[in-house]
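Engineer: One structure follows; several queries about it will come next.
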Protein chains: 2
Amino acid sequence: MTTNEATAFDPDLMAAVVELGRAVRGLVDATVRTTVEPEELRSAAGAVREVTDRLTTSQRPASQLPALDDPIAFRRVFSPVTGVGSGIAPPLAIRRHGDEVVAEATLGLAYEGPPGYLHGGMSALFMDQLLGAATIAAGLWGMTAHLALDYRGPVPLDTPLVLRARVTENAGRKSVITGEIALASAPDTALVQARGVFVTPRPEQSEAYFGSITDASGRHRPPGRPTDATALDRD
Amino acid sequence: MTTNEATAFDPDLMAAVVELGRAVRGLVDATVRTTVEPEELRSAAGAVREVTDRLTTSQRPASQLPALDDPIAFRRVFSPVTGVGSGIAPPLAIRRHGDEVVAEATLGLAYEGPPGYLHGGMSALFMDQLLGAATIAAGLWGMTAHLALDYRGPVPLDTPLVLRARVTENAGRKSVITGEIALASAPDTALVQARGVFVTPRPEQSEAYFGSITDASGRHRPPGRPTDATALDRD
């Protein structure tokens, strides 16, 4: 496994994207918890629309990756799971740890399913990302072909969690990955167990899927297996 | 299946929550697409933090359901999938259609996995919600015990989709549900197929899981099988 750095990025832009992402996540959480009066909610909505209007004065087309992204290094700043700039993502900071990938998270009310617990589908979303990250950490890359989850117990909100995954089989374009979610205080008792099959698209499939994707400079940049770069932090 | 209405709610508060939820989703989308300068992003972050500060002047505790929620009717206004007030949710509007539940959605860049396509874990999140809604529509209710997904093809962003699910087996506390995601323009060709097993907690489990949950008035309100109410719109 190589350890070269991912492509360079504008650190001032990254800091600003991180700051706005954090602010939007704070707003999402506040909207879920607030008990202010309807008039105050409407006033907040108006203020939010003003901010949105300022941001939409200049936008990228959907087929153009964000300036900070690197599809080979799998740096995706607006990923709905790991994106530092995403208002949807916790965001998970996935890192390598031995033969595994691991992330810690404490999830709030915005991710609630049954009262007090993480939405079962959120466990699936996070596991899918961890399994994919494990394939990337192993020098592979693929898209989800099959994902299966067993729920052993409810995952509490506002409680430190640990998420892990590792590749258990690899045969050419196909990888099998397992992972789990546990309490950080009881890391060996899985509350959710996941197993995935990820498949690397053939070159002609990749071209059909990603033929129009460019980076911010307009250069064609489909995702692919990492060669000399990775977006994962290393322990 | 009964057709009584869910419990009443404050329509002015509901309208304000809907308005703020819509505004926050617009902001989340704008942050993902914007190409404004870092200084403008920082200014936006400051304005968002000011709104957040106003909303956090009065907050509910995590164990107290929002005033608009009805856990028996499964009206959850901040659900990360269906919540009209959630900045994370699309939100899906799930309705009954014959023996199925169905929802339409067009998902934007905030939900991206591989460039141009829906995150595979987002498909899992949405399917989990549809499968659960199918159990509720059938007069059952349960928590996810097993969820399996087969991905037949990538799900494009910015494209009308249809999501469906129905209960195929029920034996006491256990239900088996299947569902799929397809293009609205090709509804019979599943891009994602899902199968789930949902299990209704036994009374003692329910009390252990939800013993501290109250409604906005302080009354103990665990979730449960619907009796005479439902949050699902009817065709």
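In the structure tokens, chains take the letters A, B, ... in the order shown, each chain's residues start at 1, and ligands count up from 1 in the order shown.
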Give me the residues near Pro156 of chain A as a PyMOL selection string, where near means some atom within 8 Å (using only C-alpha atoms) and where sequence neighbours in that chain fewer than 4 positions away do not count.

Structural biologist: chain A and resi 116-118

Engineer: Would you save the residues from that selection as an mmCIF file, in the first residue's frame, using N, CA and C atoms?

Structural biologist:
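Once everything was written out, this is selection-v5.cif:
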data_model
loop_
_atom_site.group_PDB
_atom_site.id
_atom_site.type_symbol
_atom_site.label_atom_id
_atom_site.label_comp_id
_atom_site.auth_asym_id
_atom_site.auth_seq_id
_atom_site.Cartn_x
_atom_site.Cartn_y
_atom_site.Cartn_z
ATOM 1 N N GLY A 116 -34.943 7.939 20.537
ATOM 2 C CA GLY A 116 -33.742 7.696 21.326
ATOM 3 C C GLY A 116 -32.665 6.895 20.624
ATOM 4 N N TYR A 117 -32.981 6.351 19.452
ATOM 5 C CA TYR A 117 -32.035 5.457 18.773
ATOM 6 C C TYR A 117 -31.760 5.886 17.335
ATOM 7 N N LEU A 118 -30.605 5.465 16.857
ATOM 8 C CA LEU A 118 -30.208 5.732 15.483
ATOM 9 C C LEU A 118 -31.175 5.058 14.505
#

Engineer: Return as CSV the residues of segment 109-199 of chain A lying at most 10 Å from segment 191-207 of chain B, together with the closest atom-to-atom pair for each and the distance in Å to one decimal, counting only C-alpha atoms, with rows in chain order and ascending residue number.

Structural biologist:
residue,atom,partner,partner_atom,distance
A:Ala145,CA,B:Val192,CA,9.3
A:His146,CA,B:Val192,CA,9.5
A:Leu147,CA,B:Ala194,CA,9.5
A:Ala148,CA,B:Arg195,CA,9.4
A:Leu149,CA,B:Gly196,CA,9.4
A:Asp150,CA,B:Val197,CA,9.5
A:Tyr151,CA,B:Phe198,CA,9.9

Engineer: Write the residues of the selection above to a file with C-alpha atoms, as a short mmCIF file (atom, residue, chain, number, x, y, z; two decimals), in the first residue's frame.

Structural biologist:
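Result saved to part30.cif:
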data_model
loop_
_atom_site.label_atom_id
_atom_site.label_comp_id
_atom_site.auth_asym_id
_atom_site.auth_seq_id
_atom_site.Cartn_x
_atom_site.Cartn_y
_atom_site.Cartn_z
CA ALA A 145 -23.38 -4.76 -5.43
CA HIS A 146 -24.83 -6.34 -2.28
CA LEU A 147 -25.21 -5.11 1.28
CA ALA A 148 -26.65 -7.12 4.18
CA LEU A 149 -27.11 -5.98 7.75
CA ASP A 150 -28.05 -7.79 10.95
CA TYR A 151 -29.32 -5.62 13.77
#

Engineer: Can you tell me, as a list of chain:residue names, which residues in segment 19-151 of chain A count as strand (DSSP E or B) by DSSP?

Structural biologist: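 Strand (DSSP E or B) members of segment 19-151 of chain A, listed: A:Thr34, A:Gln59, A:Gln64, A:Asp70, A:Arg75, A:Arg95, A:Arg96, A:His97, A:Glu100, A:Val101, A:Val102, A:Ala103, A:Glu104, A:Ala105, A:Glu112, A:Tyr117, A:Leu118, A:Met143, A:Thr144, A:Ala145, A:His146, A:Leu147, A:Ala148, A:Leu149, A:Asp150, A:Tyr151.
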
Engineer: Which neighbours of segment 124-127 of chain A fall inside 6 Å, counting only C-alpha atoms, when residues of the same chain fewer than 5 positions from it are skipped, and could you give them as a list in words?

Structural biologist: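 The filter keeps Gly121, Met122 and Leu125 of chain B.
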
Engineer: Give me, as a PDB file with N, CA and C atoms, in the first residue's frame, all polymer residues having an atom no more than 9 Å from Ile94 of chain B, counting only C-alpha atoms and skipping those fewer than 2 positions away in the same chain.

Structural biologist:
ATOM      1  N   THR B  82     -38.251  11.088   6.198  1.00  0.00           N
ATOM      2  CA  THR B  82     -39.577  11.595   5.840  1.00  0.00           C
ATOM      3  C   THR B  82     -39.908  12.940   6.485  1.00  0.00           C
ATOM      4  N   LEU B  92     -39.017  12.178   1.920  1.00  0.00           N
ATOM      5  CA  LEU B  92     -39.921  11.281   1.204  1.00  0.00           C
ATOM      6  C   LEU B  92     -41.349  11.429   1.739  1.00  0.00           C
ATOM      7  N   ARG B  96     -49.956   5.212   0.859  1.00  0.00           N
ATOM      8  CA  ARG B  96     -50.458   3.881   0.529  1.00  0.00           C
ATOM      9  C   ARG B  96     -50.933   3.868  -0.909  1.00  0.00           C
ATOM     10  N   VAL B 101     -46.754   0.497  -0.218  1.00  0.00           N
ATOM     11  CA  VAL B 101     -46.480   1.911   0.044  1.00  0.00           C
ATOM     12  C   VAL B 101     -45.549   2.376  -1.064  1.00  0.00           C
ATOM     13  N   VAL B 102     -45.680   3.655  -1.411  1.00  0.00           N
ATOM     14  CA  VAL B 102     -44.931   4.179  -2.547  1.00  0.00           C
ATOM     15  C   VAL B 102     -44.514   5.620  -2.249  1.00  0.00           C
ATOM     16  N   ALA B 103     -43.386   6.012  -2.796  1.00  0.00           N
ATOM     17  CA  ALA B 103     -42.930   7.403  -2.686  1.00  0.00           C
ATOM     18  C   ALA B 103     -42.202   7.767  -3.964  1.00  0.00           C
ATOM     19  N   GLU B 104     -42.308   9.031  -4.328  1.00  0.00           N
ATOM     20  CA  GLU B 104     -41.508   9.536  -5.447  1.00  0.00           C
ATOM     21  C   GLU B 104     -40.429  10.450  -4.880  1.00  0.00           C
ATOM     22  N   LEU B 130     -38.951   2.768   3.731  1.00  0.00           N
ATOM     23  CA  LEU B 130     -40.106   2.252   2.970  1.00  0.00           C
ATOM     24  C   LEU B 130     -40.583   0.919   3.549  1.00  0.00           C
ATOM     25  N   ALA B 133     -42.404   1.550   6.671  1.00  0.00           N
ATOM     26  CA  ALA B 133     -43.715   2.152   6.380  1.00  0.00           C
ATOM     27  C   ALA B 133     -44.701   1.095   5.893  1.00  0.00           C
ATOM     28  N   LEU B 163     -40.091   4.670  -5.355  1.00  0.00           N
ATOM     29  CA  LEU B 163     -39.694   3.719  -4.317  1.00  0.00           C
ATOM     30  C   LEU B 163     -40.960   3.025  -3.824  1.00  0.00           C
ATOM     31  N   ARG B 164     -40.897   1.703  -3.718  1.00  0.00           N
ATOM     32  CA  ARG B 164     -42.088   0.938  -3.332  1.00  0.00           C
ATOM     33  C   ARG B 164     -41.714  -0.142  -2.322  1.00  0.00           C
ATOM     34  N   LEU B 232     -49.623   7.889   7.339  1.00  0.00           N
ATOM     35  CA  LEU B 232     -49.477   7.743   5.892  1.00  0.00           C
ATOM     36  C   LEU B 232     -50.629   8.409   5.157  1.00  0.00           C
ATOM     37  N   ASP B 233     -50.300   9.151   4.158  1.00  0.00           N
ATOM     38  CA  ASP B 233     -51.335   9.690   3.290  1.00  0.00           C
ATOM     39  C   ASP B 233     -51.993   8.541   2.535  1.00  0.00           C
TER      40      ASP B 233
END

Engineer: With only C-alpha atoms as the counted atoms, please give the residues lying no more than 9 Å from Ala110 of chain A, apart from itself and same-chain residues fewer than 4 positions off, as a list in words.

Structural biologist: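 Residues near the query, excluding close chain neighbours: Val28, Asp29, Ala30, Thr31, Val32 and Arg33 of chain A; Phe78, Ser79, Pro80, Ser86, Gly87 and Ile88 of chain B.
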
Engineer: Take the residues that were just selected and, keeping C-alpha atoms, output them as a PDB file, in the first residue's frame.

Structural biologist:
ATOM      1  CA  VAL A  28     -29.741  21.139  11.250  1.00  0.00           C
ATOM      2  CA  ASP A  29     -29.385  19.960  14.853  1.00  0.00           C
ATOM      3  CA  ALA A  30     -30.931  23.166  16.223  1.00  0.00           C
ATOM      4  CA  THR A  31     -33.986  22.927  13.958  1.00  0.00           C
ATOM      5  CA  VAL A  32     -34.660  19.421  15.288  1.00  0.00           C
ATOM      6  CA  ARG A  33     -34.367  20.403  18.970  1.00  0.00           C
TER       7      ARG A  33
ATOM      8  CA  PHE B  78     -37.842  15.504  12.034  1.00  0.00           C
ATOM      9  CA  SER B  79     -37.283  11.999  10.641  1.00  0.00           C
ATOM     10  CA  PRO B  80     -34.049  11.998   8.578  1.00  0.00           C
ATOM     11  CA  SER B  86     -35.515  17.828   8.669  1.00  0.00           C
ATOM     12  CA  GLY B  87     -32.600  19.390   6.797  1.00  0.00           C
ATOM     13  CA  ILE B  88     -31.266  15.885   6.130  1.00  0.00           C
TER      14      ILE B  88
END

Engineer: Which residue, B:Gly26, B:Gly153, B:Pro223, B:Gly142, has the smallest gap to Gly120 of chain B when you use only C-alpha atoms?

Structural biologist: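 Answer, going by the shortest atom-to-atom distance: B:Gly153.
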
Engineer: If you run DSSP on this backbone, which residues of segment 44-231 of chain B come out as alpha helix (DSSP H), and could you give them as number ranges by chain?

Structural biologist: B: 44-55, 120-137, 203-210

Engineer: Can you pull out the residues contacting Ala138 of chain B? Cut-off 9 Å, using only C-alpha atoms, and skip same-chain residues under 5 positions away; I want them as a list in words.

Structural biologist: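 My list of contacting residues is Met1, Asp99, Glu100, Ala133, Arg166 and Val167 of chain B.
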
Engineer: Check the smallest atom-to-atom distance from each of B:His97, B:Arg42, B:Arg173, B:Arg221 to chain A using only C-alpha atoms, then report the winner.

Structural biologist: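 Answer, going by the shortest atom-to-atom distance: B:Arg42.
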
Engineer: Residues within 9 Å of Met14 of chain B, please, as a VMD selection string. Count only C-alpha atoms; anything in the same chain fewer than 4 positions from it doesn't count.

Structural biologist: (chain A and resid 38) or (chain B and resid 9 to 10 18 to 19 68 77 84 to 85)

Engineer: Between atom CA of Thr57 of chain A and atom CA of Leu20 of chain B, what distance in Å does the model show, to one decimal?

Structural biologist: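 Computing it gives 21.2 Å between the two atoms.
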
Engineer: Using only C-alpha atoms, which of B:Gly113, B:Gly139, B:Gly108, B:Pro187 sits nearest Gly172 of chain B?

Structural biologist: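 Counting only C-alpha atoms, the residue closest to Gly172 of chain B is B:Gly139.
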